[in-house]
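Asks: Sharing entry.txt, compact mmCIF, C-alpha atoms and all ligand atoms:
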# COMPACT_ATOMS: atom_id res chain seq x y z
CA MET A 1 -28.59 -11.53 3.65
CA PRO A 2 -25.40 -13.03 5.15
CA LYS A 3 -24.66 -12.07 8.76
CA ASN A 4 -21.43 -10.26 8.02
CA LEU A 5 -20.44 -9.57 4.42
CA PHE A 6 -17.06 -8.31 5.61
CA ASP A 7 -16.11 -11.44 7.57
CA LEU A 8 -12.83 -12.99 6.41
CA THR A 9 -12.62 -15.79 8.97
CA GLY A 10 -10.52 -18.65 7.61
CA ARG A 11 -9.60 -16.85 4.37
CA LYS A 12 -5.95 -17.09 3.36
CA ALA A 13 -4.29 -13.82 2.37
CA LEU A 14 -0.88 -12.47 1.47
CA VAL A 15 0.32 -8.86 1.53
CA THR A 16 3.54 -7.69 -0.15
CA GLY A 17 5.64 -4.86 1.30
CA ALA A 18 3.97 -5.52 4.65
CA SER A 19 6.85 -4.71 7.00
CA GLY A 20 5.47 -1.23 7.66
CA GLY A 21 3.28 1.57 6.38
CA ILE A 22 0.36 0.75 4.11
CA GLY A 23 1.17 -2.96 3.76
CA LYS A 24 1.33 -3.47 7.51
CA GLY A 25 -1.96 -1.58 7.83
CA TYR A 26 -3.56 -3.86 5.22
CA ALA A 27 -2.26 -6.93 7.07
CA HIS A 28 -3.77 -5.67 10.35
CA ALA A 29 -7.10 -4.93 8.72
CA LEU A 30 -7.37 -8.35 7.05
CA ALA A 31 -6.37 -10.14 10.27
CA SER A 32 -8.87 -8.08 12.29
CA ALA A 33 -11.58 -9.43 9.95
CA GLY A 34 -10.38 -13.00 10.61
CA ALA A 35 -7.99 -13.76 7.72
CA ASP A 36 -4.73 -15.66 8.08
CA VAL A 37 -2.10 -13.39 6.55
CA ALA A 38 1.34 -14.09 5.07
CA ILE A 39 3.73 -11.14 5.34
CA LEU A 40 5.83 -10.89 2.17
CA CYS A 41 8.76 -8.49 2.30
CA ARG A 42 12.55 -8.33 2.29
CA ASN A 43 13.14 -7.21 5.88
CA ALA A 44 13.04 -10.50 7.82
CA ASP A 45 13.19 -8.86 11.26
CA ALA A 46 10.34 -6.43 10.70
CA GLY A 47 8.30 -9.00 8.74
CA ALA A 48 8.54 -11.55 11.56
CA LYS A 49 7.53 -8.88 14.10
CA VAL A 50 4.43 -7.94 12.09
CA ALA A 51 3.45 -11.62 11.79
CA ALA A 52 3.89 -12.16 15.55
CA GLU A 53 1.82 -9.05 16.26
CA LEU A 54 -1.06 -10.33 14.09
CA THR A 55 -1.11 -13.72 15.80
CA GLU A 56 -0.93 -12.17 19.26
CA THR A 57 -3.56 -9.49 18.60
CA PHE A 58 -6.07 -11.33 16.42
CA GLY A 59 -5.31 -15.03 17.02
CA VAL A 60 -4.82 -15.68 13.30
CA ASP A 61 -2.08 -17.67 11.57
CA SER A 62 0.59 -15.35 10.20
CA PHE A 63 4.18 -15.78 9.08
CA PHE A 64 6.98 -13.91 7.32
CA GLN A 65 7.96 -15.03 3.83
CA ALA A 66 10.98 -13.45 2.11
CA CYS A 67 10.10 -11.95 -1.26
CA ASP A 68 11.71 -9.50 -3.64
CA VAL A 69 8.81 -8.57 -5.89
CA SER A 70 11.09 -7.41 -8.71
CA GLN A 71 12.51 -10.95 -9.14
CA GLU A 72 10.37 -13.49 -10.96
CA SER A 73 11.81 -16.54 -9.17
CA SER A 74 11.52 -14.89 -5.75
CA VAL A 75 7.83 -14.06 -6.36
CA ASP A 76 6.96 -17.51 -7.69
CA GLU A 77 8.78 -19.25 -4.84
CA ALA A 78 7.26 -17.01 -2.16
CA ILE A 79 3.69 -17.49 -3.40
CA ALA A 80 4.22 -21.25 -3.72
CA ALA A 81 5.47 -21.24 -0.10
CA VAL A 82 2.32 -19.40 1.05
CA VAL A 83 0.06 -21.90 -0.71
CA GLU A 84 2.06 -24.76 0.78
CA ARG A 85 1.76 -23.35 4.30
CA PHE A 86 -1.92 -22.25 4.12
CA GLY A 87 -3.14 -25.04 1.83
CA ARG A 88 -4.64 -22.46 -0.56
CA LEU A 89 -4.88 -18.74 -1.29
CA ASP A 90 -7.98 -16.50 -1.35
CA ILE A 91 -6.66 -12.92 -1.27
CA GLY A 92 -3.53 -11.40 -2.85
CA VAL A 93 -2.66 -7.83 -1.89
CA ASN A 94 0.11 -6.42 -4.07
CA ASN A 95 1.40 -3.36 -2.33
CA ALA A 96 5.24 -3.17 -2.40
CA GLY A 97 6.35 -0.03 -4.16
CA ILE A 98 9.10 2.58 -4.28
CA GLY A 99 9.50 6.17 -5.38
CA ILE A 100 12.76 7.75 -6.48
CA LEU A 101 12.60 11.52 -6.61
CA GLY A 102 14.11 13.62 -9.35
CA GLY A 103 13.19 15.81 -12.28
CA ASP A 104 12.75 14.03 -15.60
CA ALA A 105 15.50 15.83 -17.51
CA ASP A 106 18.11 14.41 -15.13
CA TYR A 107 16.43 11.10 -14.28
CA SER A 108 18.70 8.11 -14.88
CA LEU A 109 17.66 4.99 -16.77
CA ASP A 110 18.84 3.00 -13.75
CA ASP A 111 16.36 4.78 -11.45
CA TRP A 112 13.63 4.41 -14.08
CA ASN A 113 14.24 0.66 -14.27
CA LYS A 114 14.19 0.32 -10.47
CA VAL A 115 10.85 2.12 -10.12
CA ILE A 116 9.18 0.32 -13.03
CA GLY A 117 10.77 -2.97 -11.90
CA VAL A 118 9.12 -2.83 -8.48
CA ASN A 119 5.95 -0.78 -9.06
CA LEU A 120 4.81 -2.27 -12.36
CA THR A 121 6.74 -5.44 -13.20
CA GLY A 122 6.76 -6.51 -9.54
CA MET A 123 3.04 -5.96 -9.14
CA TRP A 124 2.32 -7.83 -12.37
CA LEU A 125 4.57 -10.76 -11.36
CA CYS A 126 2.66 -11.07 -8.06
CA ALA A 127 -0.76 -10.75 -9.71
CA ARG A 128 0.23 -13.33 -12.32
CA ALA A 129 1.37 -15.83 -9.69
CA GLU A 130 -1.81 -15.28 -7.62
CA GLY A 131 -4.03 -15.57 -10.72
CA ARG A 132 -2.39 -18.89 -11.62
CA VAL A 133 -3.09 -20.19 -8.11
CA PHE A 134 -6.75 -19.08 -8.19
CA ILE A 135 -7.27 -20.59 -11.66
CA LYS A 136 -5.68 -23.88 -10.59
CA GLN A 137 -7.72 -24.00 -7.38
CA GLY A 138 -10.93 -23.21 -9.28
CA THR A 139 -12.04 -21.12 -6.31
CA GLY A 140 -11.94 -17.60 -7.69
CA GLY A 141 -10.17 -15.04 -5.54
CA LYS A 142 -9.55 -11.39 -4.76
CA ILE A 143 -6.57 -9.36 -5.94
CA VAL A 144 -6.02 -5.82 -4.66
CA ASN A 145 -3.18 -3.69 -6.01
CA THR A 146 -1.88 -0.49 -4.45
CA ALA A 147 -1.92 2.23 -7.10
CA SER A 148 -1.88 5.92 -6.08
CA MET A 149 -3.61 9.21 -6.69
CA SER A 150 -0.42 9.80 -8.73
CA ALA A 151 -2.09 7.67 -11.41
CA ARG A 152 -4.49 10.63 -11.94
CA ILE A 153 -2.49 13.77 -11.12
CA SER A 154 1.01 15.05 -11.91
CA ASN A 155 2.84 15.30 -8.61
CA CYS A 156 6.10 13.32 -8.69
CA ASN A 157 7.83 12.29 -11.94
CA VAL A 158 7.15 10.15 -15.01
CA ALA A 159 8.57 6.93 -13.57
CA TYR A 160 6.40 6.99 -10.44
CA ASN A 161 3.24 8.50 -11.93
CA ALA A 162 3.32 6.36 -15.08
CA SER A 163 4.00 3.21 -13.04
CA LYS A 164 0.91 3.88 -10.92
CA ALA A 165 -1.25 4.75 -13.95
CA ALA A 166 -0.07 1.45 -15.43
CA VAL A 167 -1.11 -0.38 -12.25
CA VAL A 168 -4.64 1.02 -12.66
CA GLN A 169 -4.75 -0.16 -16.28
CA MET A 170 -3.20 -3.54 -15.38
CA THR A 171 -5.95 -3.92 -12.77
CA LYS A 172 -8.66 -3.29 -15.38
CA MET A 173 -7.10 -5.62 -17.93
CA LEU A 174 -6.72 -8.49 -15.46
CA ALA A 175 -10.26 -7.93 -14.18
CA ALA A 176 -11.57 -8.23 -17.73
CA GLU A 177 -9.53 -11.36 -18.43
CA TRP A 178 -10.05 -13.19 -15.14
CA GLY A 179 -13.70 -12.40 -14.45
CA ALA A 180 -14.29 -15.70 -16.24
CA TYR A 181 -12.61 -17.42 -13.26
CA ASN A 182 -14.51 -15.45 -10.58
CA ILE A 183 -11.36 -13.49 -9.81
CA ASN A 184 -11.96 -9.86 -8.76
CA VAL A 185 -9.09 -7.48 -9.45
CA ASN A 186 -9.24 -3.96 -8.00
CA SER A 187 -6.84 -1.27 -6.85
CA ILE A 188 -6.68 1.27 -4.05
CA SER A 189 -5.22 4.71 -4.67
CA PRO A 190 -4.12 6.48 -1.49
CA SER A 191 -3.07 10.14 -1.44
CA TYR A 192 -0.19 11.38 0.76
CA LEU A 193 -0.06 8.87 3.59
CA LEU A 194 2.16 8.91 6.65
CA SER A 195 4.20 5.76 6.09
CA PRO A 196 7.98 5.34 6.55
CA MET A 197 8.20 6.60 2.93
CA HIS A 198 7.20 10.03 4.35
CA ALA A 199 9.29 10.01 7.51
CA SER A 200 11.57 12.68 6.08
CA THR A 201 8.79 14.98 4.89
CA PRO A 202 8.96 18.32 6.76
CA LEU A 203 6.11 19.35 9.05
CA GLU A 204 5.36 22.39 6.85
CA ILE A 205 4.47 20.02 4.01
CA ARG A 206 2.14 18.05 6.28
CA GLN A 207 0.41 21.35 7.10
CA LYS A 208 0.08 22.17 3.38
CA ILE A 209 -1.45 18.75 2.74
CA ARG A 210 -3.98 19.31 5.54
CA GLU A 211 -4.93 22.69 4.07
CA LEU A 212 -5.39 21.17 0.59
CA THR A 213 -7.44 18.22 1.81
CA PRO A 214 -11.15 18.81 2.47
CA LEU A 215 -11.18 16.26 5.30
CA GLY A 216 -8.34 18.23 6.90
CA TYR A 217 -5.73 15.69 7.97
CA VAL A 218 -2.92 13.63 6.48
CA GLN A 219 -3.90 10.05 5.67
CA ARG A 220 -2.80 7.20 7.94
CA PRO A 221 -2.66 3.42 7.29
CA GLU A 222 -5.83 3.11 9.43
CA ASP A 223 -7.73 5.10 6.81
CA LEU A 224 -7.32 2.17 4.42
CA TYR A 225 -8.67 -0.52 6.79
CA GLY A 226 -12.25 -0.21 5.52
CA PRO A 227 -11.33 -0.07 1.82
CA ILE A 228 -9.07 -3.15 1.97
CA ILE A 229 -11.59 -5.23 3.94
CA PHE A 230 -14.30 -4.21 1.47
CA LEU A 231 -12.26 -5.20 -1.59
CA ALA A 232 -11.01 -8.46 -0.03
CA SER A 233 -14.42 -9.62 1.21
CA ASP A 234 -17.74 -10.82 -0.21
CA ALA A 235 -19.03 -7.25 0.22
CA SER A 236 -17.35 -6.41 -3.11
CA ASN A 237 -18.24 -9.55 -5.07
CA TYR A 238 -19.67 -7.54 -8.00
CA VAL A 239 -16.88 -4.92 -7.99
CA THR A 240 -14.01 -5.55 -10.39
CA GLY A 241 -11.59 -3.45 -12.42
CA HIS A 242 -12.24 -0.57 -10.04
CA ASP A 243 -9.68 1.91 -8.69
CA LEU A 244 -10.83 3.06 -5.26
CA LEU A 245 -9.46 6.56 -4.64
CA VAL A 246 -8.96 7.21 -0.91
CA ASP A 247 -7.69 10.77 -0.69
CA GLY A 248 -9.79 12.76 1.80
CA GLY A 249 -10.88 14.84 -1.18
CA HIS A 250 -7.30 15.97 -1.95
CA THR A 251 -7.59 15.57 -5.73
CA LEU A 252 -10.80 17.62 -5.80
CA ASN A 253 -8.43 20.60 -6.06
CA VAL A 254 -9.52 23.01 -3.35
CA TRP A 255 -6.61 25.45 -3.71
CA MET A 256 -8.62 28.19 -5.40
CA ALA A 257 -10.86 28.44 -2.37
CA PRO A 258 -8.90 27.40 0.73
CA LEU A 259 -11.19 25.70 3.16
CA GLN A 260 -12.33 27.43 6.31
CA ARG A 261 -12.77 24.51 8.67
CA ALA A 262 -16.17 24.45 10.32
CA VAL A 263 -15.26 21.80 12.89
CA PRO A 264 -11.94 20.19 13.84
CA PRO A 265 -10.86 17.31 11.57
CA ARG A 266 -11.58 13.78 12.82
CA VAL A 267 -7.87 13.15 13.38
CA SER A 268 -5.39 15.38 15.24
CA PRO A 269 -1.73 15.88 14.17
CA ALA A 270 -0.61 13.69 17.09
CA GLU A 271 -2.97 10.91 16.00
CA GLU A 272 -1.74 11.27 12.41
CA SER A 273 1.82 10.36 13.38
CA ALA A 274 1.05 7.69 16.02
CA GLN A 275 1.22 4.70 13.65
CA LEU A 276 4.20 6.11 11.78
CA LYS A 277 6.17 6.25 15.04
CA LYS A 278 5.29 2.62 15.79
CA ASP A 279 6.26 1.53 12.26
CA LEU A 280 9.62 3.30 12.50
CA ALA A 281 10.30 1.73 15.90
CA MET A 282 9.54 -1.69 14.41
CA LEU A 283 11.99 -0.98 11.58
CA GLY A 284 14.59 0.10 14.17
CA VAL A 285 14.56 3.71 12.94
CA SER A 286 14.65 6.53 15.49
CA CYS A 287 12.46 9.61 15.01
CA ASP A 288 11.28 12.74 16.79
CA ASP A 289 7.89 13.24 18.44
CA ASP A 290 6.22 13.85 15.07
CA GLY A 291 7.65 10.70 13.51
CA ILE A 292 10.27 12.63 11.52
CA ASN A 293 13.76 11.38 10.66
CA VAL A 294 15.34 13.46 7.89
CA ASP A 295 18.18 10.95 7.52
CA LEU A 296 15.88 8.12 6.41
CA HIS A 297 15.19 9.71 3.01
CA PRO A 298 17.50 12.77 2.85
CA GLU A 299 16.67 13.29 -0.84
CA ILE A 300 12.97 13.72 0.04
CA ALA A 301 13.81 16.11 2.87
CA ASP A 302 16.08 18.15 0.55
CA SER A 303 13.57 18.28 -2.26
CA TYR A 304 10.72 19.48 -0.02
CA ARG A 305 13.06 21.95 1.68
CA ALA A 306 13.99 23.42 -1.74
CA MET A 307 10.31 23.64 -2.62
CA LEU A 308 9.53 25.50 0.61
CA ASP A 309 12.47 27.88 0.16
CA SER A 310 11.58 28.77 -3.43
N1 LIG B 1 2.83 6.83 1.36
C1 LIG B 1 2.20 7.43 0.38
O1 LIG B 1 2.03 8.66 0.38
C2 LIG B 1 1.65 6.62 -0.76
C3 LIG B 1 0.63 7.19 -1.54
C4 LIG B 1 0.09 6.47 -2.59
C5 LIG B 1 0.56 5.20 -2.88
N2 LIG B 1 1.56 4.67 -2.12
C6 LIG B 1 2.00 3.31 -2.46
O2 LIG B 1 1.72 2.47 -1.36
C7 LIG B 1 2.60 1.35 -1.37
C8 LIG B 1 3.19 1.19 0.03
O3 LIG B 1 4.01 2.31 0.32
P1 LIG B 1 4.20 2.91 1.79
O4 LIG B 1 3.74 4.30 1.74
O5 LIG B 1 3.66 1.99 2.81
O6 LIG B 1 5.79 2.99 1.81
P2 LIG B 1 6.87 2.11 2.58
O7 LIG B 1 8.17 2.53 2.01
O8 LIG B 1 6.64 2.20 4.02
O9 LIG B 1 6.48 0.64 2.14
C9 LIG B 1 6.87 0.07 0.91
C10 LIG B 1 7.15 -1.37 1.19
O10 LIG B 1 7.52 -2.01 -0.03
C11 LIG B 1 8.67 -2.77 0.23
N3 LIG B 1 9.45 -3.00 -0.99
C12 LIG B 1 10.08 -2.10 -1.77
N4 LIG B 1 10.71 -2.73 -2.77
C13 LIG B 1 10.44 -4.05 -2.62
C14 LIG B 1 10.82 -5.21 -3.35
N5 LIG B 1 11.61 -5.16 -4.42
N6 LIG B 1 10.36 -6.41 -2.91
C15 LIG B 1 9.58 -6.50 -1.81
N7 LIG B 1 9.21 -5.44 -1.08
C16 LIG B 1 9.66 -4.24 -1.49
C17 LIG B 1 9.46 -1.96 1.25
O11 LIG B 1 10.43 -2.74 1.91
C18 LIG B 1 8.31 -1.55 2.17
O12 LIG B 1 7.97 -2.57 3.08
C19 LIG B 1 3.59 1.63 -2.47
O13 LIG B 1 3.21 0.91 -3.63
C20 LIG B 1 3.48 3.12 -2.70
O14 LIG B 1 3.86 3.49 -4.00
C21 LIG B 1 2.11 5.34 -1.07
Would you give me this structure, written as structure tokens?
Ligand SMILES: NC(=O)c1ccc[n+]([C@@H]2O[C@H](COP(=O)([O-])OP(=O)(O)OC[C@H]3O[C@@H](n4cnc5c(N)ncnc54)[C@H](O)[C@@H]3O)[C@@H](O)[C@H]2O)c1

Replies:
Amino acid sequence: MPKNLFDLTGRKALVTGASGGIGKGYAHALASAGADVAILCRNADAGAKVAAELTETFGVDSFFQACDVSQESSVDEAIAAVVERFGRLDIGVNNAGIGILGGDADYSLDDWNKVIGVNLTGMWLCARAEGRVFIKQGTGGKIVNTASMSARISNCNVAYNASKAAVVQMTKMLAAEWGAYNINVNSISPSYLLSPMHASTPLEIRQKIRELTPLGYVQRPEDLYGPIIFLASDASNYVTGHDLLVDGGHTLNVWMAPLQRAVPPRVSPAEESAQLKKDLAMLGVSCDDDGINVDLHPEIADSYRAMLDS
């Protein structure tokens, strides 16, 4: 039995959409296990800050690499630059994603193309580029895609939910195809998670999520540290084509019998928003004590407000 199946010392990783939220959390987790991590995103300022933080905190090699995942040439160039800098690649974490709210009857083709372009095409472009590197190296490798519980439930709109369901299926297809090269392809499906994407979500909605989640608190990037290290490390060598749902039990559908908490949840509301506040500060976005800034995503704030008022 190896000493530490979860050790990533010396492994070379990249994470897309890593300037904040889930991607930044993944980058921290991988670096804490010893991996050198390239930060791929569009925001150069925030990306460079995350990279500096990883080097300072964990002593690993980390750098920012500009990448727009929806553009084929940008993805191919960025991944080539990572391989050039690190000498090889072992772990590709494809996480960048967007959601554009709106009911389907009024949804524009432009918004549809944006969401599919980043969430599905972008994730496939990254996985394809990483797969090519692993095949050329002959080393095998680990690919982890961020899907969502929205792949399984109906909570947003067709563009978002279908894009995430497609990520789950893309993960399975690539796992089937690339098992022959010792490449593991898996996905992680978070539930509602306090990232900058949710900075405009009203507090009443956070409370609703707590009430509808057996584990009783809103997910934070930290809650994905274990899952990402597991799927990136030797601990998961026989796991492939799997979608790891990390939702605190949210999709178990507890609404018919609201939970009476027996003990306080492991995480308090103040602890829930701690990382979100840091992420917003890093992005240069102001917020209140709960990590809320309604102006960051006014459309999300308006849509939740309408839901609460109805
Ligand atoms: N927050 C949630 O509740 C939640 C739940 C389930 C799944 N997810 C998924 O998790 C992933 C990360 O989201 P998050 O919650 O951290 O939100 P976020 O908005 O904080 O992070 C998304 C990241 O993707 C980047 N990005 C967007 N378009 C890009 C592009 N074209 N090229 C490169 N980078 C781009 C953004 O700049 C940002 O860094 C997304 O795929 C999202 O769909 C989020």

Asks: Name all residues at most 9 Å from Ala46 in chain A (count all atoms listed in the file; drop same-chain ones fewer than 4 positions away) and give them as an MDAnalysis selection string.

Replies: chainID A and resid 18:20 41:42 50:51 64 282:284

Asks: Using all atoms listed in the file, which residue out of A:Lys49, A:His198, A:Lys277, A:His242 lies closest to ligand LIG 1 (chain B)?

Replies: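 Of A:Lys49, A:His198, A:Lys277, A:His242, the one nearest ligand LIG 1 (chain B), counting all atoms listed in the file, is A:His198.
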
Asks: Each residue of chain A with at least one atom at most 6 Å from ligand LIG 1 (chain B) should appear once, together with its nearest atom pair and the corresponding distance in Å (one decimal); atoms considered: only C-alpha atoms and all ligand atoms; ordering: chain, then increasing residue number; output as JSON lines.

Replies:
{"residue": "A:Gly17", "atom": "CA", "partner": "B:LIG1", "partner_atom": "O10", "distance": 3.7}
{"residue": "A:Ala18", "atom": "CA", "partner": "B:LIG1", "partner_atom": "O12", "distance": 5.2}
{"residue": "A:Ser19", "atom": "CA", "partner": "B:LIG1", "partner_atom": "O12", "distance": 4.6}
{"residue": "A:Gly20", "atom": "CA", "partner": "B:LIG1", "partner_atom": "O8", "distance": 5.1}
{"residue": "A:Gly21", "atom": "CA", "partner": "B:LIG1", "partner_atom": "O5", "distance": 3.6}
{"residue": "A:Ile22", "atom": "CA", "partner": "B:LIG1", "partner_atom": "O5", "distance": 3.8}
{"residue": "A:Gly23", "atom": "CA", "partner": "B:LIG1", "partner_atom": "O5", "distance": 5.6}
{"residue": "A:Cys41", "atom": "CA", "partner": "B:LIG1", "partner_atom": "N7", "distance": 4.6}
{"residue": "A:Arg42", "atom": "CA", "partner": "B:LIG1", "partner_atom": "C15", "distance": 5.4}
{"residue": "A:Cys67", "atom": "CA", "partner": "B:LIG1", "partner_atom": "C15", "distance": 5.5}
{"residue": "A:Asp68", "atom": "CA", "partner": "B:LIG1", "partner_atom": "N6", "distance": 3.5}
{"residue": "A:Val69", "atom": "CA", "partner": "B:LIG1", "partner_atom": "N6", "distance": 4.0}
{"residue": "A:Ser70", "atom": "CA", "partner": "B:LIG1", "partner_atom": "N5", "distance": 4.9}
{"residue": "A:Asn95", "atom": "CA", "partner": "B:LIG1", "partner_atom": "O13", "distance": 4.8}
{"residue": "A:Ala96", "atom": "CA", "partner": "B:LIG1", "partner_atom": "O10", "distance": 3.5}
{"residue": "A:Gly97", "atom": "CA", "partner": "B:LIG1", "partner_atom": "O13", "distance": 3.3}
{"residue": "A:Ile98", "atom": "CA", "partner": "B:LIG1", "partner_atom": "O14", "distance": 5.3}
{"residue": "A:Val118", "atom": "CA", "partner": "B:LIG1", "partner_atom": "N5", "distance": 5.3}
{"residue": "A:Thr146", "atom": "CA", "partner": "B:LIG1", "partner_atom": "O13", "distance": 5.3}
{"residue": "A:Ala147", "atom": "CA", "partner": "B:LIG1", "partner_atom": "C5", "distance": 5.7}
{"residue": "A:Ser148", "atom": "CA", "partner": "B:LIG1", "partner_atom": "C4", "distance": 4.0}
{"residue": "A:Ser189", "atom": "CA", "partner": "B:LIG1", "partner_atom": "C4", "distance": 6.0}
{"residue": "A:Pro190", "atom": "CA", "partner": "B:LIG1", "partner_atom": "C4", "distance": 4.4}
{"residue": "A:Ser191", "atom": "CA", "partner": "B:LIG1", "partner_atom": "C3", "distance": 4.7}
{"residue": "A:Tyr192", "atom": "CA", "partner": "B:LIG1", "partner_atom": "O1", "distance": 3.5}
{"residue": "A:Leu193", "atom": "CA", "partner": "B:LIG1", "partner_atom": "O1", "distance": 3.8}
{"residue": "A:Leu194", "atom": "CA", "partner": "B:LIG1", "partner_atom": "N1", "distance": 5.7}
{"residue": "A:Ser195", "atom": "CA", "partner": "B:LIG1", "partner_atom": "O4", "distance": 4.6}
{"residue": "A:Pro196", "atom": "CA", "partner": "B:LIG1", "partner_atom": "O8", "distance": 4.2}
{"residue": "A:Met197", "atom": "CA", "partner": "B:LIG1", "partner_atom": "O7", "distance": 4.2}

Asks: Report, in Å with one decimal, the straight-line distance from CA of Gly291 in chain A to CA of Thr213 in chain A.

Replies: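 CA of Thr213 in chain A lies 20.5 Å from CA of Gly291 in chain A.
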
Asks: May I have the residues within 12 Å of Phe58 in chain A as a ChimeraX atom specification, using all atoms listed in the file and disregarding those fewer than 6 positions away in the same chain?

Replies: /A:9,27-37,50-52

Asks: Would you mind telling me which residue in A:Gln169, A:Ser273, A:Ser310, A:Asn182 lies nearest to Asp243 in chain A when using all atoms listed in the file?

Replies: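 Of the candidates, the smallest distance to Asp243 in chain A is held by A:Gln169.
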
Asks: Between CA of Ile188 in chain A and CA of Lys12 in chain A, what is the spacing in Å?

Replies: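 Calculated distance between CA of Lys12 in chain A and CA of Ile188 in chain A is 19.8 Å.
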
Asks: In terms of the shortest atom-to-atom distance over all atoms listed in the file, which of A:Met256, A:Val75, A:Ala281, A:Ala81 is closest to Ala199 in chain A?

Replies: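 Smallest distance to Ala199 in chain A is found for A:Ala281.
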
Asks: Near Lys136 in chain A, within 12 Å and counting all atoms listed in the file, which residues show up once chain neighbours fewer than 2 positions away are dropped, as JSON, numbers by chain?

Replies: {"A": [83, 88, 89, 129, 130, 131, 132, 133, 134, 138, 139, 140, 141, 181, 183]}

Asks: In Å to one decimal, how far is CA of Leu296 in chain A from CA of Asp309 in chain A?

Replies: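 We find that CA of Asp309 in chain A and CA of Leu296 in chain A lie 21.0 Å from each other.
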
Asks: Which one of A:Leu120, A:Ile292, A:Leu8, A:Val285 sits closest to Ala166 in chain A if you count all atoms listed in the file?

Replies: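 Nearest candidate to Ala166 in chain A out of A:Leu120, A:Ile292, A:Leu8, A:Val285: A:Leu120.
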
Asks: When you look at Met170 in chain A with a cut-off of 10 Å (counting all atoms listed in the file), what residues show up, excluding the ones that are within fewer than 4 positions of it in the same chain? I need them as a list in words.

Replies: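 The residues satisfying every condition are Leu120, Met123, Trp124, Ala127, Asn145, Lys164, Ala165, Ala166, Leu174, Ala175, Ala176, Val185, Asn186, Ser187 and Gly241 of chain A.
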
Asks: Could you add whatever atoms are missing so that range 129-140 of chain A carries N, CA and C atoms, then write the result as a short mmCIF file (atom, residue, chain, number, x, y, z; two decimals), in the coordinates of the input?

Replies:
data_model
loop_
_atom_site.label_atom_id
_atom_site.label_comp_id
_atom_site.auth_asym_id
_atom_site.auth_seq_id
_atom_site.Cartn_x
_atom_site.Cartn_y
_atom_site.Cartn_z
N ALA A 129 1.21 -14.62 -10.51
CA ALA A 129 1.37 -15.83 -9.69
C ALA A 129 0.09 -16.12 -8.91
N GLU A 130 -0.56 -15.08 -8.38
CA GLU A 130 -1.81 -15.28 -7.62
C GLU A 130 -2.92 -15.77 -8.56
N GLY A 131 -3.01 -15.16 -9.75
CA GLY A 131 -4.03 -15.57 -10.72
C GLY A 131 -3.87 -17.04 -11.09
N ARG A 132 -2.62 -17.47 -11.28
CA ARG A 132 -2.39 -18.89 -11.62
C ARG A 132 -2.89 -19.80 -10.50
N VAL A 133 -2.63 -19.38 -9.24
CA VAL A 133 -3.09 -20.19 -8.11
C VAL A 133 -4.62 -20.26 -8.10
N PHE A 134 -5.29 -19.10 -8.24
CA PHE A 134 -6.75 -19.08 -8.19
C PHE A 134 -7.34 -19.93 -9.33
N ILE A 135 -6.74 -19.82 -10.50
CA ILE A 135 -7.27 -20.59 -11.66
C ILE A 135 -7.10 -22.09 -11.40
N LYS A 136 -5.93 -22.46 -10.87
CA LYS A 136 -5.68 -23.88 -10.59
C LYS A 136 -6.61 -24.40 -9.50
N GLN A 137 -6.83 -23.58 -8.48
CA GLN A 137 -7.72 -24.00 -7.38
C GLN A 137 -9.17 -24.12 -7.85
N GLY A 138 -9.53 -23.26 -8.83
CA GLY A 138 -10.93 -23.21 -9.28
C GLY A 138 -11.85 -22.56 -8.26
N THR A 139 -11.26 -21.72 -7.40
CA THR A 139 -12.04 -21.12 -6.31
C THR A 139 -12.40 -19.66 -6.55
N GLY A 140 -11.85 -19.05 -7.59
CA GLY A 140 -11.94 -17.60 -7.69
C GLY A 140 -10.99 -16.99 -6.67
#
